[in-house]
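Data block for model.pdb (PDB, C-alpha atoms and all ligand atoms):
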```
MODEL        1
ATOM      1  CA  MET A   1     137.657 112.914  85.598
ATOM      2  CA  SER A   2     139.612 109.710  84.941
ATOM      3  CA  PHE A   3     141.742 109.007  81.882
ATOM      4  CA  THR A   4     139.311 106.259  80.828
ATOM      5  CA  SER A   5     136.301 108.536  81.053
ATOM      6  CA  VAL A   6     138.121 111.170  78.960
ATOM      7  CA  LEU A   7     138.780 108.508  76.326
ATOM      8  CA  LEU A   8     135.210 107.238  76.507
ATOM      9  CA  ASP A   9     133.857 110.750  76.054
ATOM     10  CA  LEU A  10     136.172 111.228  73.073
ATOM     11  CA  PHE A  11     135.175 108.042  71.289
ATOM     12  CA  PHE A  12     131.591 107.765  72.502
ATOM     13  CA  PRO A  13     130.457 111.365  72.982
ATOM     14  CA  HIS A  14     127.233 111.890  74.907
ATOM     15  CA  LYS A  15     124.353 112.608  72.592
ATOM     16  CA  CYS A  16     121.047 114.321  73.142
ATOM     17  CA  VAL A  17     118.414 111.661  73.904
ATOM     18  CA  PHE A  18     115.891 113.494  71.716
ATOM     19  CA  CYS A  19     117.732 114.694  68.586
ATOM     20  CA  ALA A  20     121.046 112.756  68.881
ATOM     21  CA  ARG A  21     123.212 115.905  68.548
ATOM     22  CA  VAL A  22     126.529 115.631  70.376
ATOM     23  CA  LEU A  23     126.062 117.343  73.721
ATOM     24  CA  ASN A  24     128.054 120.335  74.899
ATOM     25  CA  LYS A  25     129.815 120.210  78.215
ATOM     26  CA  GLY A  26     127.256 120.974  80.899
ATOM     27  CA  ASP A  27     124.247 119.750  78.886
ATOM     28  CA  ASP A  28     122.367 117.303  81.044
ATOM     29  CA  GLY A  29     121.132 114.514  78.774
ATOM     30  CA  TRP A  30     119.403 116.761  76.272
ATOM     31  CA  CYS A  31     120.733 119.642  74.204
ATOM     32  CA  SER A  32     119.994 123.348  74.453
ATOM     33  CA  GLN A  33     118.050 123.334  71.144
ATOM     34  CA  CYS A  34     115.736 120.613  72.462
ATOM     35  CA  THR A  35     115.449 122.421  75.805
ATOM     36  CA  GLU A  36     113.994 125.321  73.807
ATOM     37  CA  SER A  37     111.855 123.405  71.347
ATOM     38  CA  LEU A  38     110.498 120.195  72.919
ATOM     39  CA  PRO A  39     106.686 119.826  72.911
ATOM     40  CA  TYR A  40     106.171 120.596  76.614
ATOM     41  CA  THR A  41     102.692 120.293  78.060
ATOM     42  CA  ASP A  42     100.922 123.126  79.905
ATOM     43  CA  ASN A  43      99.830 122.557  83.490
ATOM     44  CA  ARG A  44     101.919 119.332  83.499
ATOM     45  CA  GLY A  45      99.574 117.827  80.886
ATOM     46  CA  ARG A  46      97.255 116.914  83.709
ATOM     47  CA  GLN A  47      94.355 114.648  82.726
ATOM     48  CA  GLU A  48      91.813 112.734  84.735
ATOM     49  CA  GLY A  49      90.765 109.117  84.316
ATOM     50  CA  ASP A  50      88.727 106.239  85.694
ATOM     51  CA  HIS A  51      90.072 104.845  88.970
ATOM     52  CA  PHE A  52      93.099 107.163  89.095
ATOM     53  CA  ALA A  53      92.899 110.724  90.412
ATOM     54  CA  PHE A  54      94.977 112.271  87.606
ATOM     55  CA  CYS A  55      97.960 111.708  85.354
ATOM     56  CA  ILE A  56     100.673 114.286  84.717
ATOM     57  CA  SER A  57     103.163 114.276  81.822
ATOM     58  CA  PRO A  58     105.907 116.807  81.015
ATOM     59  CA  LEU A  59     105.849 116.180  77.234
ATOM     60  CA  TYR A  60     103.575 115.441  74.314
ATOM     61  CA  TYR A  61     104.211 112.182  72.462
ATOM     62  CA  ARG A  62     105.198 113.592  69.095
ATOM     63  CA  GLY A  63     108.168 114.599  66.939
ATOM     64  CA  PRO A  64     111.559 114.000  68.578
ATOM     65  CA  VAL A  65     109.917 112.846  71.827
ATOM     66  CA  ARG A  66     108.103 110.049  70.025
ATOM     67  CA  LYS A  67     111.245 108.993  68.146
ATOM     68  CA  SER A  68     113.299 109.051  71.327
ATOM     69  CA  ILE A  69     110.802 106.919  73.267
ATOM     70  CA  MET A  70     110.667 104.431  70.370
ATOM     71  CA  ARG A  71     114.464 104.021  70.625
ATOM     72  CA  PHE A  72     114.118 103.597  74.384
ATOM     73  CA  LYS A  73     111.369 100.981  74.083
ATOM     74  CA  PHE A  74     112.339  99.000  71.046
ATOM     75  CA  ARG A  75     115.987  99.639  70.236
ATOM     76  CA  GLY A  76     117.683  99.136  73.565
ATOM     77  CA  ALA A  77     118.463 102.805  74.358
ATOM     78  CA  ILE A  78     118.039 102.060  78.057
ATOM     79  CA  ALA A  79     120.546 104.729  79.124
ATOM     80  CA  TYR A  80     117.848 107.309  78.250
ATOM     81  CA  ALA A  81     116.120 106.336  81.518
ATOM     82  CA  ASP A  82     118.413 108.669  83.506
ATOM     83  CA  THR A  83     117.473 111.729  81.447
ATOM     84  CA  TYR A  84     113.799 110.781  81.271
ATOM     85  CA  GLY A  85     113.830 110.265  85.038
ATOM     86  CA  LYS A  86     115.112 113.814  85.593
ATOM     87  CA  LEU A  87     112.376 115.257  83.355
ATOM     88  CA  LEU A  88     109.628 113.229  84.976
ATOM     89  CA  ALA A  89     110.860 113.879  88.523
ATOM     90  CA  GLY A  90     110.863 117.629  87.752
ATOM     91  CA  CYS A  91     107.240 117.405  86.636
ATOM     92  CA  ILE A  92     106.259 115.393  89.747
ATOM     93  CA  ARG A  93     107.961 117.903  92.067
ATOM     94  CA  GLU A  94     105.926 120.737  90.520
ATOM     95  CA  GLU A  95     102.557 119.006  91.034
ATOM     96  CA  PRO A  96     101.001 120.307  94.271
ATOM     97  CA  ASP A  97      98.498 117.389  94.617
ATOM     98  CA  ILE A  98     101.028 114.626  94.081
ATOM     99  CA  GLY A  99     101.158 113.132  97.640
ATOM    100  CA  TYR A 100     102.077 109.410  97.496
ATOM    101  CA  ASP A 101     103.426 106.628  99.705
ATOM    102  CA  LEU A 102     104.793 104.270  97.066
ATOM    103  CA  ILE A 103     106.229 104.615  93.553
ATOM    104  CA  SER A 104     105.462 101.795  91.116
ATOM    105  CA  TRP A 105     105.054 101.211  87.378
ATOM    106  CA  VAL A 106     102.875  99.631  84.691
ATOM    107  CA  PRO A 107     104.631  96.320  83.981
ATOM    108  CA  LEU A 108     105.194  94.532  80.686
ATOM    109  CA  SER A 109     103.984  90.953  80.460
ATOM    110  CA  SER A 110     106.618  88.392  81.459
ATOM    111  CA  LYS A 111     106.685  87.104  77.894
ATOM    112  CA  ARG A 112     107.317  90.542  76.401
ATOM    113  CA  LYS A 113     109.924  91.333  79.053
ATOM    114  CA  ARG A 114     111.790  88.162  78.116
ATOM    115  CA  SER A 115     111.756  88.963  74.398
ATOM    116  CA  ARG A 116     112.730  92.627  74.901
ATOM    117  CA  GLY A 117     115.194  91.882  77.685
ATOM    118  CA  TYR A 118     114.021  94.790  79.830
ATOM    119  CA  ASP A 119     110.902  96.549  81.074
ATOM    120  CA  GLN A 120     111.157 100.189  80.009
ATOM    121  CA  ALA A 121     108.517 101.488  82.439
ATOM    122  CA  MET A 122     110.373  99.820  85.309
ATOM    123  CA  LEU A 123     113.644 101.499  84.261
ATOM    124  CA  LEU A 124     111.855 104.844  84.011
ATOM    125  CA  ALA A 125     110.250 104.384  87.444
ATOM    126  CA  LEU A 126     113.567 103.372  89.057
ATOM    127  CA  ALA A 127     115.363 106.386  87.534
ATOM    128  CA  THR A 128     112.552 108.776  88.487
ATOM    129  CA  ALA A 129     112.420 107.439  92.047
ATOM    130  CA  LEU A 130     116.196 107.837  92.360
ATOM    131  CA  GLU A 131     115.851 111.505  91.358
ATOM    132  CA  LEU A 132     113.185 111.899  94.034
ATOM    133  CA  ASP A 133     115.421 110.216  96.681
ATOM    134  CA  ASP A 134     113.014 107.310  96.774
ATOM    135  CA  VAL A 135     112.745 103.766  95.431
ATOM    136  CA  ALA A 136     110.259 102.186  93.032
ATOM    137  CA  VAL A 137     108.672  98.866  93.963
ATOM    138  CA  GLU A 138     106.838  96.276  91.916
ATOM    139  CA  THR A 139     103.143  96.180  92.807
ATOM    140  CA  LEU A 140     101.614  94.802  89.590
ATOM    141  CA  GLU A 141     102.192  91.820  87.335
ATOM    142  CA  LYS A 142     100.888  91.062  83.872
ATOM    143  CA  PRO A 143     100.899  87.258  83.652
ATOM    144  CA  GLN A 144      99.430  86.994  80.153
ATOM    145  CA  ASP A 145     100.357  88.797  76.987
ATOM    146  CA  VAL A 146      97.495  90.687  75.328
ATOM    147  CA  GLN A 147      97.330  92.438  71.979
ATOM    148  CA  ALA A 148      99.386  95.666  71.970
ATOM    149  CA  GLN A 149      97.176  98.631  72.904
ATOM    150  CA  SER A 150      98.785 100.639  70.090
ATOM    151  CA  GLU A 151      97.256  98.180  67.588
ATOM    152  CA  LEU A 152      93.748  98.927  68.818
ATOM    153  CA  GLY A 153      91.341 101.777  68.185
ATOM    154  CA  ASP A 154      89.046 103.506  70.642
ATOM    155  CA  LEU A 155      88.912 103.549  74.420
ATOM    156  CA  GLN A 156      86.242 100.844  74.575
ATOM    157  CA  GLU A 157      88.287  98.427  72.484
ATOM    158  CA  ARG A 158      91.428  99.150  74.510
ATOM    159  CA  SER A 159      89.648  98.758  77.842
ATOM    160  CA  ALA A 160      88.154  95.403  76.833
ATOM    161  CA  ASN A 161      91.550  94.193  75.601
ATOM    162  CA  ILE A 162      93.307  94.636  78.957
ATOM    163  CA  SER A 163      90.417  93.973  81.324
ATOM    164  CA  GLY A 164      91.788  91.581  83.954
ATOM    165  CA  ALA A 165      95.290  91.557  82.432
ATOM    166  CA  TYR A 166      97.025  92.867  85.575
ATOM    167  CA  ILE A 167      97.191  91.353  89.043
ATOM    168  CA  VAL A 168      98.466  92.575  92.403
ATOM    169  CA  PRO A 169     100.524  89.648  93.743
ATOM    170  CA  ASP A 170     101.028  91.180  97.206
ATOM    171  CA  PRO A 171      97.933  93.166  98.335
ATOM    172  CA  GLU A 172      99.544  93.717 101.755
ATOM    173  CA  LEU A 173     102.134  95.935 100.070
ATOM    174  CA  VAL A 174      99.555  98.379  98.711
ATOM    175  CA  ARG A 175      96.844  98.278 101.398
ATOM    176  CA  GLY A 176      95.892 101.785 102.518
ATOM    177  CA  LYS A 177      98.675 103.348 100.415
ATOM    178  CA  CYS A 178      98.582 106.106  97.863
ATOM    179  CA  ILE A 179     100.408 104.771  94.802
ATOM    180  CA  LEU A 180     102.267 106.877  92.235
ATOM    181  CA  LEU A 181     102.062 104.767  89.092
ATOM    182  CA  ILE A 182     104.582 105.470  86.321
ATOM    183  CA  ASP A 183     104.404 104.621  82.621
ATOM    184  CA  ASP A 184     106.340 105.852  79.596
ATOM    185  CA  VAL A 185     103.442 107.004  77.405
ATOM    186  CA  VAL A 186      99.747 107.515  78.105
ATOM    187  CA  THR A 187      97.290 107.762  75.212
ATOM    188  CA  THR A 188      93.670 106.931  76.123
ATOM    189  CA  GLY A 189      94.525 106.172  79.755
ATOM    190  CA  SER A 190      92.821 102.756  79.587
ATOM    191  CA  THR A 191      95.955 100.892  80.744
ATOM    192  CA  LEU A 192      96.417 103.234  83.713
ATOM    193  CA  SER A 193      92.714 102.859  84.557
ATOM    194  CA  GLU A 194      92.925  99.092  84.524
ATOM    195  CA  CYS A 195      96.064  99.069  86.704
ATOM    196  CA  ALA A 196      94.562 101.624  89.102
ATOM    197  CA  LYS A 197      91.385  99.539  89.378
ATOM    198  CA  GLU A 198      93.404  96.457  90.355
ATOM    199  CA  LEU A 199      95.387  98.443  92.924
ATOM    200  CA  LEU A 200      92.205  99.894  94.463
ATOM    201  CA  ASP A 201      90.542  96.455  94.483
ATOM    202  CA  ALA A 202      93.626  95.167  96.328
ATOM    203  CA  GLY A 203      93.134  97.837  99.006
ATOM    204  CA  ALA A 204      95.184 100.842  97.798
ATOM    205  CA  ALA A 205      93.718 104.139  99.049
ATOM    206  CA  LYS A 206      94.404 106.205  95.938
ATOM    207  CA  VAL A 207      96.307 106.089  92.656
ATOM    208  CA  VAL A 208      97.972 109.043  90.949
ATOM    209  CA  CYS A 209      99.916 108.637  87.706
ATOM    210  CA  ALA A 210     102.834 110.190  85.864
ATOM    211  CA  SER A 211     104.051 109.434  82.358
ATOM    212  CA  LEU A 212     106.941 110.880  80.414
ATOM    213  CA  ALA A 213     104.703 111.721  77.467
ATOM    214  CA  ARG A 214     100.997 111.890  76.636
ATOM    215  CA  GLY A 215      98.992 111.675  73.442
TER     216      GLY A 215
HETATM  217 ZN    ZN B   1     118.517 117.673  71.226
ENDMDL
END
```
Rewritten as C-alpha cells:
Amino acid sequence: MSFTSVLLDLFFPHKCVFCARVLNKGDDGWCSQCTESLPYTDNRGRQEGDHFAFCISPLYYRGPVRKSIMRFKFRGAIAYADTYGKLLAGCIREEPDIGYDLISWVPLSSKRKRSRGYDQAMLLALATALELDDVAVETLEKPQDVQAQSELGDLQERSANISGAYIVPDPELVRGKCILLIDDVVTTGSTLSECAKELLDAGAAKVVCASLARG
C-alpha cells in the first residue's frame, strides 16, 4: 500500500455503499451489518416478462438499497458501480439458465445523459461485465426523452409511454445473439420489455435481463 493511499484512506475512509458506515478492513464495498440485513431476494428475484425470458435481481428496491441507488443515480455516487457490479455478477453466476453472448444495458436518453453527466446503467453493466471477465457493449439508443417511468402509474401507461423510444443502431451486432440486458432497477418490467422487443426485432435470438434491484 502506498503512502498516498494510506493518507487517502485516513482522510477519505471507505464507506458502506448502503448505510454509509465507515468500512472495516476487509469489508468489500458494503459492511458486515448490511451483509446480514439487506433485503435479498429469494431465487434471485426471478421474474418473467414480455419479450425477455426472465429477469434476475439480487435485492429488493427498498430501505437502504433504495437510498443507495438514489445516490448512485442522482447524486453522482458513481463509485458505487464497483460494489453493485460484484453483487450483480454474483447473482448472474448463480443463475443456471443465464447463457448469453453479449452484455448490454438499458440506456438513458442522450438528453438525460448530458444533464446527468453519466449513464448509471452503463456504469453498472461495465462493472458487472468486468467482474464476469467480459465487456459490456452498447446495443440500444434512446434518441428522444420521454416522461420518467417513475412518474407514471400502471403497466399499460408505462408501456405506452416508452413504446418506440429505443432503437438498435447496429442490428448486425445483435443478430442471432443472446443478449444479457442490465438495468439498475426493474419495477413493472415495461422498459425491459420494450428494449427486448427492439433487440428481437433487430434479429437477437433471445434476451435475458439482470437488475441490481427489483420492486
Ligand atoms: Zn452498511
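When all atoms listed in the file are used to measure the gap to ligand ZN 1 (chain B), the shortest distance among A:Leu124, A:Ile103, A:Cys34, A:Val137 belongs to A:Cys34.
With all atoms listed in the file as the basis for measurement, A:Ala53 is the residue among A:Ala53, A:Ile69, A:Leu155, A:Ile162 that approaches Leu181 (chain A) most closely.
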Shell of 8 Å around Gly176 (chain A), all atoms listed in the file, local chain residues under 3 positions omitted, as a VMD selection string: chain A and resid 203 to 205
Shell of 9 Å around Asn161 (chain A), only C-alpha atoms, local chain residues under 4 positions omitted, as a PyMOL selection string: chain A and resi 146-149+152+156-157+165
Excluding Val22 (chain A) and its own-chain neighbours fewer than 6 positions away, which residues fall within 10 Å of it when counting only C-alpha atoms? Please give them as a compact mmCIF listing (two decimals) with C-alpha atoms, in the frame of the given file.
```txt
# COMPACT_ATOMS: atom_id res chain seq x y z
CA PHE A 12 131.59 107.76 72.50
CA PRO A 13 130.46 111.36 72.98
CA HIS A 14 127.23 111.89 74.91
CA LYS A 15 124.35 112.61 72.59
CA CYS A 16 121.05 114.32 73.14
CA TRP A 30 119.40 116.76 76.27
CA CYS A 31 120.73 119.64 74.20
```
Sel. within 8 Å of pt (101.3, 118.8, 78.6), counting all atoms listed in the file, output as a ChimeraX atom specification: /A:39-46,56-60,213-214
Residues in the PyMOL selection byres (((chain A and resi 81) around 12) and not hetatm), expressed as a ChimeraX atom specification: /A:17,29,68-69,71-73,76-80,82-89,118-131,183-184,212
Residue IDs satisfying the PyMOL selection byres (((chain A and resi 168) around 12) and not hetatm), as number ranges by chain: A: 104-107, 138-143, 164-167, 169-175, 194-204
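Here CA of Asp133 (chain A) is placed at a distance of 15.3 Å from CA of Ile98 (chain A).
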One-decimal distance in Å that lies between CA of Arg21 (chain A) and CA of Ser211 (chain A): 24.5 Å
Please determine an axis-aligned box that encloses all atoms of region 102-117 of chain A listed in the file, with 6 Å added on each side, and express its centre and edge lengths in Å to one decimal as lines of an AutoDock Vina configuration file.
```
center_x = 109.0
center_y = 95.9
center_z = 85.7
size_x = 24.3
size_y = 29.5
size_z = 34.7
```
Distance in Å - CA of Leu132 (chain A) versus CA of Cys55 (chain A): 17.5 Å
Among listed residues A:Lys177, A:Gly99, A:Leu108, A:Phe52, nearest Leu192 (chain A) (using only C-alpha atoms): A:Phe52
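Using all atoms listed in the file, the nearest neighbour of ligand ZN 1 (chain B) within the list A:Val185, A:Asp101, A:Ser32, A:Gly26 is A:Ser32.
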